[in-house]
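Q: As input, take data02.cif (mmCIF, C-alpha atoms and all ligand atoms):
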data_coords
#
loop_
_atom_site.label_atom_id
_atom_site.label_comp_id
_atom_site.auth_asym_id
_atom_site.auth_seq_id
_atom_site.Cartn_x
_atom_site.Cartn_y
_atom_site.Cartn_z
CA MET A 1 92.10 45.32 8.87
CA THR A 2 90.83 48.76 8.25
CA ALA A 3 87.62 50.07 9.71
CA LEU A 4 86.01 49.98 6.29
CA GLU A 5 86.89 46.34 5.85
CA ILE A 6 85.44 45.52 9.25
CA ILE A 7 82.21 47.33 8.35
CA LEU A 8 81.98 45.50 5.02
CA LEU A 9 82.63 42.18 6.75
CA LEU A 10 79.93 42.83 9.32
CA ALA A 11 77.47 43.90 6.58
CA ALA A 12 78.25 40.75 4.60
CA ALA A 13 77.72 38.62 7.69
CA GLY A 14 74.44 40.41 8.40
CA LEU A 15 73.27 39.92 4.82
CA GLY A 16 74.26 36.26 4.97
CA ILE A 17 72.26 35.74 8.15
CA ALA A 18 69.24 37.58 6.64
CA LEU A 19 69.54 35.44 3.51
CA LEU A 20 69.70 32.25 5.58
CA ARG A 21 66.55 33.31 7.42
CA GLN A 22 64.76 33.97 4.15
CA LEU A 23 65.87 30.60 2.86
CA ARG A 24 64.60 28.96 6.05
CA GLU A 25 61.21 30.66 5.63
CA LEU A 26 61.14 29.62 1.98
CA ARG A 27 61.85 26.01 2.95
CA LYS A 28 59.02 26.19 5.50
CA LEU A 29 56.79 27.55 2.79
CA ARG A 30 57.73 24.77 0.41
CA ARG A 31 57.20 22.07 3.01
CA TRP A 32 53.87 23.52 4.05
CA ALA A 33 52.60 24.13 0.51
CA SER A 34 53.49 20.63 -0.62
CA GLN A 35 51.33 19.02 2.07
CA PRO A 36 48.26 17.54 0.36
CA ARG A 37 45.99 18.45 3.28
CA LEU A 38 45.31 21.95 4.47
CA SER A 39 47.13 22.57 7.80
CA ASP A 40 47.81 25.65 9.86
CA PRO A 41 50.56 27.82 8.32
CA PRO A 42 54.03 27.73 9.97
CA GLU A 43 54.82 30.33 12.61
CA ALA A 44 56.44 33.36 11.03
CA GLY A 45 56.59 37.01 11.75
CA GLY A 46 56.70 40.11 9.60
CA ALA A 47 56.23 39.96 5.86
CA TRP A 48 56.59 36.18 5.83
CA GLY A 49 53.80 35.86 8.38
CA GLU A 50 51.55 37.94 6.11
CA VAL A 51 52.48 35.89 3.07
CA PHE A 52 51.72 32.66 4.95
CA ASN A 53 48.38 33.99 6.13
CA LEU A 54 47.42 35.20 2.64
CA LEU A 55 48.37 31.88 1.09
CA HIS A 56 46.56 29.98 3.82
CA ARG A 57 43.35 31.93 3.19
CA HIS A 58 43.67 31.40 -0.55
CA ARG A 59 44.22 27.64 -0.16
CA ARG A 60 41.29 27.40 2.22
CA ALA A 61 38.98 29.20 -0.27
CA THR A 62 40.19 26.99 -3.15
CA LEU A 63 39.61 23.81 -1.18
CA LYS A 64 36.15 25.01 -0.12
CA ARG A 65 35.23 25.78 -3.74
CA ARG A 66 36.51 22.37 -4.83
CA ARG A 67 34.45 20.65 -2.12
CA GLU A 68 31.37 22.64 -3.16
CA LEU A 69 31.90 21.70 -6.79
CA ALA A 70 32.26 18.03 -5.87
CA GLN A 71 29.06 18.24 -3.81
CA LEU A 72 27.27 19.98 -6.68
CA MET A 73 28.41 17.22 -9.01
CA VAL A 74 27.15 14.53 -6.62
CA ARG A 75 23.83 16.36 -6.24
CA SER A 76 23.43 16.77 -10.02
CA ARG A 77 24.08 13.07 -10.53
CA ARG A 78 21.68 12.19 -7.74
CA GLY A 79 19.12 14.49 -9.36
CA ALA A 80 19.67 12.84 -12.74
CA GLN A 81 19.36 9.42 -11.08
CA ALA A 82 16.04 10.38 -9.50
CA LEU A 83 14.51 11.51 -12.81
CA PRO A 84 11.80 9.25 -14.22
CA TYR A 85 13.69 9.43 -17.56
CA GLY A 86 16.75 7.74 -18.83
CA VAL A 87 19.51 10.37 -19.03
CA ALA A 88 22.78 9.86 -20.91
CA VAL A 89 25.42 12.59 -21.21
CA LEU A 90 27.11 12.52 -24.63
CA ASP A 91 30.13 14.50 -25.79
CA ALA A 92 30.36 16.50 -29.02
CA GLY A 93 30.98 13.28 -30.97
CA TYR A 94 27.91 11.58 -29.44
CA ARG A 95 30.12 9.37 -27.25
CA LEU A 96 28.85 8.32 -23.85
CA ASP A 97 30.19 10.14 -20.79
CA TRP A 98 27.74 9.06 -18.14
CA CYS A 99 24.22 7.70 -17.80
CA ASN A 100 21.71 7.10 -15.02
CA ASP A 101 20.14 3.80 -13.99
CA ALA A 102 16.97 4.36 -16.05
CA ALA A 103 19.08 4.83 -19.22
CA ARG A 104 21.02 1.71 -18.31
CA GLU A 105 17.79 -0.25 -17.96
CA GLN A 106 15.90 1.21 -20.94
CA MET A 107 18.69 1.45 -23.52
CA GLY A 108 20.99 -1.26 -22.17
CA LEU A 109 23.85 1.22 -21.56
CA ASP A 110 26.66 0.58 -19.11
CA PRO A 111 28.34 3.78 -17.86
CA GLU A 112 31.68 2.00 -17.22
CA ARG A 113 31.87 -0.49 -20.08
CA ASP A 114 30.49 1.91 -22.70
CA ARG A 115 32.28 5.09 -21.58
CA LYS A 116 33.56 7.04 -24.58
CA GLN A 117 31.88 4.60 -26.98
CA PRO A 118 29.75 6.16 -29.77
CA ILE A 119 26.10 5.93 -28.68
CA VAL A 120 25.15 4.36 -32.02
CA ASN A 121 27.23 1.32 -31.01
CA MET A 122 24.79 0.71 -28.17
CA VAL A 123 21.50 2.05 -29.59
CA ARG A 124 21.76 0.46 -32.99
CA ALA A 125 18.31 1.05 -34.47
CA PRO A 126 18.63 2.52 -38.00
CA GLU A 127 15.95 5.13 -37.16
CA PHE A 128 18.11 6.38 -34.29
CA VAL A 129 21.23 6.54 -36.47
CA GLU A 130 19.24 8.56 -38.99
CA TYR A 131 17.86 10.79 -36.19
CA LEU A 132 21.41 11.68 -35.14
CA ARG A 133 22.52 12.18 -38.74
CA ALA A 134 19.63 14.52 -39.57
CA ALA A 135 20.35 16.40 -36.30
CA ASP A 136 16.80 17.75 -36.08
CA PHE A 137 15.97 17.17 -32.43
CA SER A 138 12.82 19.30 -32.23
CA GLU A 139 10.66 16.17 -31.87
CA PRO A 140 11.32 12.99 -29.92
CA LEU A 141 11.83 9.70 -31.73
CA ARG A 142 9.66 6.65 -30.94
CA LEU A 143 11.56 3.40 -30.96
CA GLY A 144 11.10 -0.23 -29.96
CA SER A 145 13.41 -0.89 -26.97
CA PRO A 146 16.59 -2.92 -27.76
CA GLY A 147 15.25 -5.87 -25.73
CA GLY A 148 11.87 -5.65 -27.53
CA GLY A 149 8.36 -5.55 -26.10
CA ARG A 150 8.57 -1.89 -25.12
CA THR A 151 8.30 1.46 -26.82
CA LEU A 152 10.75 4.22 -25.93
CA SER A 153 10.61 7.91 -26.69
CA LEU A 154 14.13 9.28 -27.26
CA GLN A 155 15.14 12.91 -27.51
CA ILE A 156 18.47 14.69 -27.83
CA VAL A 157 18.92 18.02 -26.04
CA ALA A 158 22.03 20.10 -26.74
CA PHE A 159 23.79 21.80 -23.83
CA GLY A 160 27.12 23.39 -22.88
CA ASP A 161 29.99 23.07 -25.30
CA GLU A 162 28.44 20.97 -28.09
CA GLU A 163 27.54 18.34 -25.53
CA HIS A 164 24.24 16.49 -25.62
CA LEU A 165 21.79 14.88 -23.29
CA LEU A 166 19.99 11.82 -24.58
CA LEU A 167 16.66 11.49 -22.74
CA SER A 168 14.65 8.30 -22.90
CA GLN A 169 11.16 7.58 -21.61
CA ASP A 170 9.21 4.33 -21.53
CA VAL A 171 5.94 5.14 -23.32
CA THR A 172 4.66 1.57 -23.65
CA GLY A 173 1.67 2.26 -21.36
CA ALA A 174 0.75 5.52 -23.10
CA GLU A 175 1.05 3.81 -26.48
CA ARG A 176 -1.28 1.00 -25.34
CA VAL A 177 -3.85 3.51 -24.05
CA GLU A 178 -3.64 5.38 -27.35
CA ALA A 179 -4.17 2.13 -29.30
CA MET A 180 -7.15 1.27 -27.08
CA ARG A 181 -8.65 4.71 -27.66
CA ARG A 182 -8.25 4.32 -31.43
CA ASP A 183 -9.83 0.85 -31.35
CA PHE A 184 -12.66 2.11 -29.20
CA VAL A 185 -13.51 5.00 -31.53
CA ALA A 186 -13.31 2.66 -34.54
CA ASN A 187 -15.58 0.13 -32.82
CA VAL A 188 -18.20 2.66 -31.76
CA SER A 189 -18.25 4.19 -35.24
CA HIS A 190 -18.63 0.78 -36.80
CA GLU A 191 -21.39 -0.27 -34.38
CA LEU A 192 -23.35 2.90 -35.07
CA ARG A 193 -22.78 2.97 -38.79
CA THR A 194 -24.43 -0.38 -39.49
CA PRO A 195 -27.90 0.46 -38.12
CA LEU A 196 -27.60 4.00 -39.44
CA THR A 197 -26.94 2.72 -42.96
CA VAL A 198 -30.01 0.50 -42.75
CA LEU A 199 -32.12 3.37 -41.42
CA SER A 200 -31.04 5.84 -44.05
CA GLY A 201 -31.64 3.20 -46.77
CA PHE A 202 -35.23 2.74 -45.61
CA LEU A 203 -35.76 6.49 -45.33
CA GLU A 204 -34.61 7.01 -48.92
CA THR A 205 -36.91 4.25 -50.12
CA ILE A 206 -39.87 5.78 -48.31
CA GLN A 207 -39.01 9.18 -49.73
CA ASP A 208 -38.43 8.06 -53.33
CA LEU A 209 -41.20 5.52 -53.80
CA LYS A 210 -44.84 6.34 -53.63
CA LEU A 211 -45.83 3.77 -51.00
CA ASP A 212 -49.22 3.11 -49.50
CA ALA A 213 -49.73 3.48 -45.74
CA GLY A 214 -49.49 -0.29 -45.15
CA ARG A 215 -46.05 -0.54 -46.84
CA ILE A 216 -44.83 2.50 -44.96
CA ARG A 217 -45.94 0.86 -41.71
CA ASP A 218 -43.97 -2.28 -42.72
CA TYR A 219 -40.84 -0.21 -43.35
CA VAL A 220 -41.20 1.69 -40.08
CA GLY A 221 -41.58 -1.67 -38.36
CA LEU A 222 -38.23 -2.73 -39.86
CA MET A 223 -36.58 0.55 -38.91
CA ALA A 224 -37.62 0.48 -35.24
CA PRO A 225 -35.24 -2.35 -34.17
CA GLN A 226 -32.31 -0.49 -35.77
CA ALA A 227 -33.13 2.65 -33.83
CA GLU A 228 -33.54 0.50 -30.73
CA ARG A 229 -30.12 -1.05 -31.34
CA MET A 230 -28.50 2.38 -31.55
CA LYS A 231 -30.24 3.47 -28.39
CA ARG A 232 -29.05 0.36 -26.54
CA LEU A 233 -25.49 0.97 -27.64
CA ILE A 234 -25.55 4.60 -26.53
CA ASP A 235 -27.16 3.65 -23.20
CA ASP A 236 -24.44 1.07 -22.59
CA LEU A 237 -21.70 3.53 -23.55
CA LEU A 238 -23.10 6.10 -21.12
CA THR A 239 -23.36 3.48 -18.36
CA LEU A 240 -19.77 2.42 -18.95
CA SER A 241 -18.51 5.97 -19.00
CA ALA A 242 -20.40 6.75 -15.77
CA LEU A 243 -18.88 3.68 -14.12
CA GLU A 244 -15.41 4.71 -15.20
CA HIS A 245 -15.64 8.31 -14.07
CA ALA A 246 -18.02 8.38 -11.14
CA PRO A 247 -16.64 8.65 -7.60
CA PRO A 248 -16.61 5.38 -5.62
CA PRO A 249 -20.13 4.11 -4.93
CA ASP A 250 -21.85 4.93 -1.64
CA ALA A 251 -22.32 2.14 0.84
CA GLU A 252 -26.14 2.18 0.78
CA ARG A 253 -27.94 -0.95 1.85
CA ILE A 254 -29.08 -2.95 -1.16
CA PHE A 255 -31.98 -5.25 -0.26
CA LEU A 256 -30.72 -8.31 -2.01
CA GLN A 257 -33.77 -10.55 -2.01
CA PRO A 258 -36.10 -8.20 -3.95
CA LEU A 259 -33.23 -7.28 -6.26
CA LEU A 260 -32.55 -10.93 -7.09
CA GLN A 261 -36.24 -11.49 -7.72
CA ARG A 262 -36.30 -8.57 -10.14
CA VAL A 263 -33.25 -9.99 -11.95
CA ARG A 264 -34.98 -13.33 -12.26
CA ALA A 265 -38.16 -11.64 -13.56
CA GLU A 266 -36.15 -9.82 -16.23
CA ALA A 267 -34.48 -13.05 -17.33
CA GLU A 268 -37.87 -14.76 -17.52
CA ALA A 269 -39.34 -11.87 -19.51
CA LEU A 270 -36.49 -12.09 -22.03
CA SER A 271 -36.75 -15.85 -22.23
CA ALA A 272 -40.52 -15.63 -22.82
CA GLY A 273 -41.01 -19.12 -21.46
CA LYS A 274 -38.28 -20.75 -23.58
CA HIS A 275 -36.06 -21.59 -20.58
CA ARG A 276 -36.40 -22.76 -17.02
CA VAL A 277 -35.11 -19.96 -14.80
CA SER A 278 -34.58 -20.71 -11.10
CA LEU A 279 -33.40 -18.60 -8.18
CA GLU A 280 -31.85 -19.99 -5.01
CA ILE A 281 -30.81 -17.87 -2.04
CA ALA A 282 -28.54 -19.77 0.35
CA GLY A 283 -27.76 -17.47 3.26
CA ALA A 284 -29.73 -14.26 3.61
CA SER A 285 -27.66 -11.12 3.41
CA ASP A 286 -27.82 -7.61 2.01
CA LEU A 287 -25.11 -5.81 0.11
CA LEU A 288 -23.53 -2.39 0.64
CA GLY A 289 -23.05 -0.32 -2.48
CA ALA A 290 -24.82 1.36 -5.38
CA GLU A 291 -28.03 -0.51 -6.19
CA ARG A 292 -28.22 0.60 -9.82
CA GLU A 293 -24.73 -0.67 -10.53
CA ILE A 294 -25.27 -4.03 -8.85
CA ALA A 295 -28.68 -4.45 -10.52
CA SER A 296 -27.13 -3.64 -13.90
CA ALA A 297 -24.31 -6.17 -13.37
CA PHE A 298 -26.58 -9.01 -12.21
CA THR A 299 -29.16 -8.34 -14.96
CA ASN A 300 -26.45 -8.37 -17.62
CA LEU A 301 -25.21 -11.76 -16.43
CA ALA A 302 -28.72 -13.22 -16.24
CA THR A 303 -29.86 -11.91 -19.64
CA ASN A 304 -26.60 -13.11 -21.23
CA ALA A 305 -27.40 -16.59 -19.94
CA VAL A 306 -30.81 -16.42 -21.67
CA ARG A 307 -29.32 -15.05 -24.89
CA TYR A 308 -26.63 -17.70 -25.15
CA THR A 309 -28.75 -20.68 -24.15
CA PRO A 310 -30.88 -22.42 -26.78
CA PRO A 311 -34.61 -22.84 -26.02
CA GLY A 312 -35.35 -25.61 -23.54
CA GLY A 313 -32.19 -24.87 -21.57
CA GLU A 314 -31.83 -24.14 -17.90
CA ILE A 315 -30.66 -21.02 -16.10
CA ARG A 316 -29.86 -21.06 -12.39
CA LEU A 317 -29.38 -17.87 -10.42
CA ARG A 318 -27.89 -18.38 -6.99
CA TRP A 319 -26.76 -16.24 -4.06
CA LYS A 320 -24.68 -17.87 -1.35
CA LEU A 321 -22.51 -16.90 1.59
CA THR A 322 -18.93 -18.14 1.60
CA SER A 323 -16.07 -18.07 4.10
CA SER A 324 -14.67 -14.91 2.49
CA GLY A 325 -17.93 -13.08 1.71
CA GLY A 326 -20.81 -13.74 -0.64
CA GLU A 327 -21.24 -14.72 -4.28
CA PHE A 328 -23.86 -14.37 -6.97
CA SER A 329 -23.62 -16.94 -9.75
CA VAL A 330 -25.48 -17.46 -13.01
CA GLU A 331 -25.22 -20.92 -14.48
CA ASP A 332 -26.64 -21.87 -17.86
CA SER A 333 -26.80 -24.95 -20.01
CA GLY A 334 -26.05 -22.90 -23.12
CA ILE A 335 -23.52 -22.81 -25.93
CA GLY A 336 -20.50 -22.31 -23.64
CA ILE A 337 -17.28 -20.49 -24.51
CA ASP A 338 -13.97 -21.81 -25.83
CA PRO A 339 -11.20 -21.33 -23.21
CA GLU A 340 -9.14 -19.18 -25.59
CA HIS A 341 -11.80 -16.43 -25.45
CA LEU A 342 -12.17 -16.31 -21.66
CA PRO A 343 -9.34 -13.84 -20.87
CA ARG A 344 -10.70 -11.26 -23.34
CA LEU A 345 -14.42 -11.61 -22.67
CA THR A 346 -14.74 -8.50 -20.50
CA GLU A 347 -12.98 -6.26 -23.06
CA ARG A 348 -15.24 -3.70 -24.67
CA PHE A 349 -16.79 -5.00 -27.89
CA TYR A 350 -15.14 -8.39 -27.59
CA ARG A 351 -17.55 -11.09 -28.81
CA VAL A 352 -17.06 -14.75 -29.57
CA ASP A 353 -19.70 -14.72 -32.28
CA ARG A 354 -20.56 -11.26 -33.57
CA GLY A 355 -23.61 -12.48 -35.48
CA ARG A 356 -25.18 -14.25 -32.52
CA SER A 357 -24.50 -11.28 -30.23
CA ARG A 358 -26.27 -8.91 -32.66
CA GLU A 359 -29.22 -11.21 -33.33
CA THR A 360 -29.91 -11.34 -29.61
CA GLY A 361 -29.60 -7.57 -29.18
CA GLY A 362 -26.04 -7.51 -27.79
CA THR A 363 -23.82 -4.45 -27.79
CA GLY A 364 -20.59 -6.20 -26.81
CA LEU A 365 -20.38 -3.99 -23.73
CA GLY A 366 -22.37 -6.05 -21.19
CA LEU A 367 -19.48 -7.89 -19.53
CA SER A 368 -17.37 -4.71 -19.51
CA ILE A 369 -20.14 -3.05 -17.54
CA VAL A 370 -20.30 -6.06 -15.21
CA LYS A 371 -16.56 -6.02 -14.60
CA HIS A 372 -16.44 -2.28 -13.86
CA ALA A 373 -19.51 -2.30 -11.62
CA LEU A 374 -18.12 -5.23 -9.63
CA ALA A 375 -14.61 -3.76 -9.36
CA ARG A 376 -16.12 -0.60 -7.88
CA HIS A 377 -17.49 -2.85 -5.12
CA GLN A 378 -14.18 -4.73 -4.70
CA ALA A 379 -15.86 -7.77 -6.23
CA VAL A 380 -14.37 -9.99 -8.95
CA LEU A 381 -15.91 -11.93 -11.79
CA ASP A 382 -14.94 -15.57 -12.40
CA ILE A 383 -15.98 -17.41 -15.56
CA ASP A 384 -16.10 -21.19 -15.97
CA SER A 385 -17.35 -22.57 -19.22
CA THR A 386 -17.41 -25.69 -21.32
CA PRO A 387 -18.21 -25.33 -25.02
CA GLY A 388 -21.49 -27.05 -25.85
CA LYS A 389 -22.33 -27.62 -22.18
CA GLY A 390 -22.78 -24.23 -20.56
CA SER A 391 -21.20 -21.49 -18.50
CA ARG A 392 -21.07 -20.21 -14.97
CA PHE A 393 -20.38 -16.55 -14.22
CA THR A 394 -19.66 -15.84 -10.54
CA ALA A 395 -19.44 -12.42 -8.89
CA ARG A 396 -17.56 -12.71 -5.58
CA PHE A 397 -18.02 -9.98 -2.96
CA PRO A 398 -15.75 -9.47 0.05
CA SER A 399 -17.36 -9.69 3.49
CA ALA A 400 -16.86 -5.92 3.98
CA ARG A 401 -19.61 -5.42 1.36
CA LEU A 402 -22.13 -7.66 3.18
CA LYS A 403 -24.70 -6.61 5.75
CA ALA A 404 -27.05 -8.81 7.78
CA ALA A 405 -30.32 -9.08 5.82
CA GLN A 406 -33.25 -6.87 6.69
CA THR A 407 -36.72 -7.39 5.31
CA VAL A 408 -38.13 -4.56 3.24
CA ALA A 409 -40.76 -2.55 5.09
CA GLY A 410 -44.30 -2.80 3.66
P1 LIG A 501 -22.79 -9.10 -25.92
O1 LIG A 501 -23.61 -7.90 -25.95
O2 LIG A 501 -22.17 -9.43 -27.22
O3 LIG A 501 -23.47 -10.26 -25.30
P2 LIG A 501 -21.12 -9.12 -23.56
O4 LIG A 501 -20.04 -8.19 -23.16
O5 LIG A 501 -22.28 -9.25 -22.64
O6 LIG A 501 -21.55 -8.70 -25.01
O7 LIG A 501 -20.48 -10.56 -23.74
C1 LIG A 501 -19.32 -10.68 -24.53
C2 LIG A 501 -19.34 -12.01 -25.24
O8 LIG A 501 -19.21 -13.05 -24.28
C3 LIG A 501 -20.60 -12.33 -25.98
O9 LIG A 501 -20.59 -11.77 -27.27
C4 LIG A 501 -20.58 -13.84 -26.01
O10 LIG A 501 -19.79 -14.27 -27.08
C5 LIG A 501 -19.90 -14.22 -24.71
N1 LIG A 501 -20.86 -14.55 -23.64
C6 LIG A 501 -21.32 -13.78 -22.66
N2 LIG A 501 -22.13 -14.46 -21.83
C7 LIG A 501 -22.19 -15.72 -22.31
C8 LIG A 501 -22.87 -16.92 -21.90
N3 LIG A 501 -23.66 -16.96 -20.82
N4 LIG A 501 -22.68 -18.04 -22.66
C9 LIG A 501 -21.87 -18.01 -23.74
N5 LIG A 501 -21.23 -16.92 -24.18
C10 LIG A 501 -21.38 -15.79 -23.48
#
As structure tokens, please, write out the structure in this file.
A:
Amino acid sequence: MTALEIILLLAAAGLGIALLRQLRELRKLRRWASQPRLSDPPEAGGAWGEVFNLLHRHRRATLKRRRELAQLMVRSRRGAQALPYGVAVLDAGYRLDWCNDAAREQMGLDPERDRKQPIVNMVRAPEFVEYLRAADFSEPLRLGSPGGGRTLSLQIVAFGDEEHLLLSQDVTGAERVEAMRRDFVANVSHELRTPLTVLSGFLETIQDLKLDAGRIRDYVGLMAPQAERMKRLIDDLLTLSALEHAPPPDAERIFLQPLLQRVRAEAEALSAGKHRVSLEIAGASDLLGAEREIASAFTNLATNAVRYTPPGGEIRLRWKLTSSGGEFSVEDSGIGIDPEHLPRLTERFYRVDRGRSRETGGTGLGLSIVKHALARHQAVLDIDSTPGKGSRFTARFPSARLKAAQTVAG
């Protein structure tokens, strides 16, 4: 073998060994890289060591970013869950990708069962189908909930790559308040318009006809009750509004005995001797609260008893202490109330017999005032009544509102 051959042989052997080493490092790399979990890189020196370290750093950064993304996803979903709205994520074809619990409850969606189903398969109302078709999402759409009994406000918001969010909100309460406000305005307008029409009719007559002083006096006499009726209505509205908006009443001492006697005197004055009005105080006590409010509530109950009891009837006012506090009751032998009306009696302007209420100077707000004034003192109103026999209205106060009676000085 020549020297050249020996050199070539040695070089080939060296190359072979170097190649084997590289292959070994490559195998290590493959084994390491195919592990699903991040582990320390294999020991290696030189260029391979650098490659391993670089790859290790890269893998670590990728895994960290993936973990952060997963956390972000979890947080976004948690955020969407916590929203007081129903949230459904829809793809470009309005198919469901995901929804939160509120959307599940309000729109009857199921994120697993309904995944990739067109949303119109689940929210089937024709108005909603038309809303999607028209694709004008500048305003929300009001819709009865699929289960009924509720009103939902739905709105589509576009985001990302032609994806959409469907937001839903239960607006049943707001809708009810709005309806009550509308009814209230209509009622007040109606209540004021009737006496105003009468008044303006009389005024025109007085203006147009040449009337002598006596006739004018007659007309003015007819106009006065109408003006009085309007004044009563406005007074009651102001009282009600004050009760609704004023801060909670102070806990002043209300001397109950003189107050009850005043209430009785007012009932007697209204009755003008047509009824027997009695007052019984069983258990002396004073009350803590706002005197004007309590006086207004008790007087309303007592005068109602007079107004809804035919002449000759009996009205009994009674204060008594009970195991849980104290109660003021007004019992009459009047016309009574059909059970079907009882739940609505304290609503503003609710009357069983509009004509009778008006004839006796009612505004339809008395029991509303009573209910509010009592509620502000943590008291409740109970009504028992038998048509044709009479009624009993009872205001029950908790013991925290009672105070041992003191006699009024002087
Ligand atoms: P009103 O001004 O019409 O009396 P209220 O709010 O005081 O208004 O009472 C509401 C309705 O409840 C009355 O219109 C009447 O129909 C009924 N009502 C109230 N008190 C009595 C009572 N003592 N006996 C029978 N009906 C009553």
Q: For the interface of chain A with ligand LIG 501 (chain A) (cut-off 9 Å, counting only C-alpha atoms and all ligand atoms), please tabulate each contacting residue of chain A alongside its nearest pair of atoms and their separation in Å to one decimal, rows sorted by chain and increasing number, as CSV.
A:
residue,atom,partner,partner_atom,distance
A:Asn300,CA,A:LIG501,O5,6.6
A:Leu301,CA,A:LIG501,N2,6.8
A:Ala302,CA,A:LIG501,N3,7.8
A:Thr303,CA,A:LIG501,N3,8.1
A:Asn304,CA,A:LIG501,N2,4.7
A:Ala305,CA,A:LIG501,N3,3.9
A:Val306,CA,A:LIG501,N3,7.2
A:Arg307,CA,A:LIG501,N3,7.2
A:Tyr308,CA,A:LIG501,N4,4.7
A:Thr309,CA,A:LIG501,N4,6.8
A:Val330,CA,A:LIG501,N3,8.0
A:Glu331,CA,A:LIG501,N3,7.6
A:Asp332,CA,A:LIG501,N3,6.5
A:Ser333,CA,A:LIG501,N4,8.5
A:Gly334,CA,A:LIG501,N4,5.9
A:Ile335,CA,A:LIG501,C9,5.5
A:Gly336,CA,A:LIG501,C9,4.5
A:Ile337,CA,A:LIG501,C9,5.3
A:Asp338,CA,A:LIG501,N5,8.9
A:His341,CA,A:LIG501,O8,8.2
A:Leu342,CA,A:LIG501,O8,8.2
A:Arg344,CA,A:LIG501,C1,8.7
A:Leu345,CA,A:LIG501,O8,5.3
A:Thr346,CA,A:LIG501,O4,5.9
A:Glu347,CA,A:LIG501,O4,7.3
A:Arg348,CA,A:LIG501,O4,6.7
A:Phe349,CA,A:LIG501,O4,6.6
A:Tyr350,CA,A:LIG501,C1,5.7
A:Arg351,CA,A:LIG501,O9,3.5
A:Val352,CA,A:LIG501,O10,3.7
A:Asp353,CA,A:LIG501,O10,5.2
A:Arg354,CA,A:LIG501,O9,6.3
A:Gly355,CA,A:LIG501,O9,8.8
A:Arg356,CA,A:LIG501,O9,7.4
A:Ser357,CA,A:LIG501,O2,4.2
A:Arg358,CA,A:LIG501,O2,6.8
A:Thr360,CA,A:LIG501,O3,7.8
A:Gly361,CA,A:LIG501,O1,6.8
A:Gly362,CA,A:LIG501,O1,3.1
A:Thr363,CA,A:LIG501,O1,3.9
A:Gly364,CA,A:LIG501,O6,3.2
A:Leu365,CA,A:LIG501,O4,4.3
A:Gly366,CA,A:LIG501,O5,3.5
A:Leu367,CA,A:LIG501,O4,3.7
A:Ser368,CA,A:LIG501,O4,5.7
A:Ile369,CA,A:LIG501,O4,7.6
A:Val370,CA,A:LIG501,O4,8.2
A:Ser385,CA,A:LIG501,N4,7.8
A:Pro387,CA,A:LIG501,C9,8.3
A:Gly390,CA,A:LIG501,N4,6.5
A:Ser391,CA,A:LIG501,N4,5.6
A:Arg392,CA,A:LIG501,N3,7.2
A:Phe393,CA,A:LIG501,N3,7.4
Q: So which residues fall inside 12 Å of (-35.5, 3.4, -35.9) if we count all atoms listed in the file? Mind giving them as a VMD selection string?
A: chain A and resid 195 to 203 219 to 232
Q: I'd like to know which of A:Arg27, A:Arg95, A:Arg113, A:Arg150 is closest to His164 in chain A, using only C-alpha atoms.
A: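 Counting only C-alpha atoms, the residue closest to His164 in chain A is A:Arg95.
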Q: Rounded to one decimal in Å, what is the spacing between CA of Lys116 in chain A and CA of Tyr131 in chain A?
A: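 Result for CA of Lys116 in chain A versus CA of Tyr131 in chain A: 19.9 Å, one decimal.
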Q: Counting only C-alpha atoms, what is within 9 Å of Ala284 in chain A, bar same-chain residues fewer than 2 positions away, as a list of chain:residue names?
A: A:Leu256, A:Gln257, A:Ile281, A:Ala282, A:Asp286, A:Trp319, A:Lys320, A:Leu321, A:Ala404, A:Ala405, A:Gln406
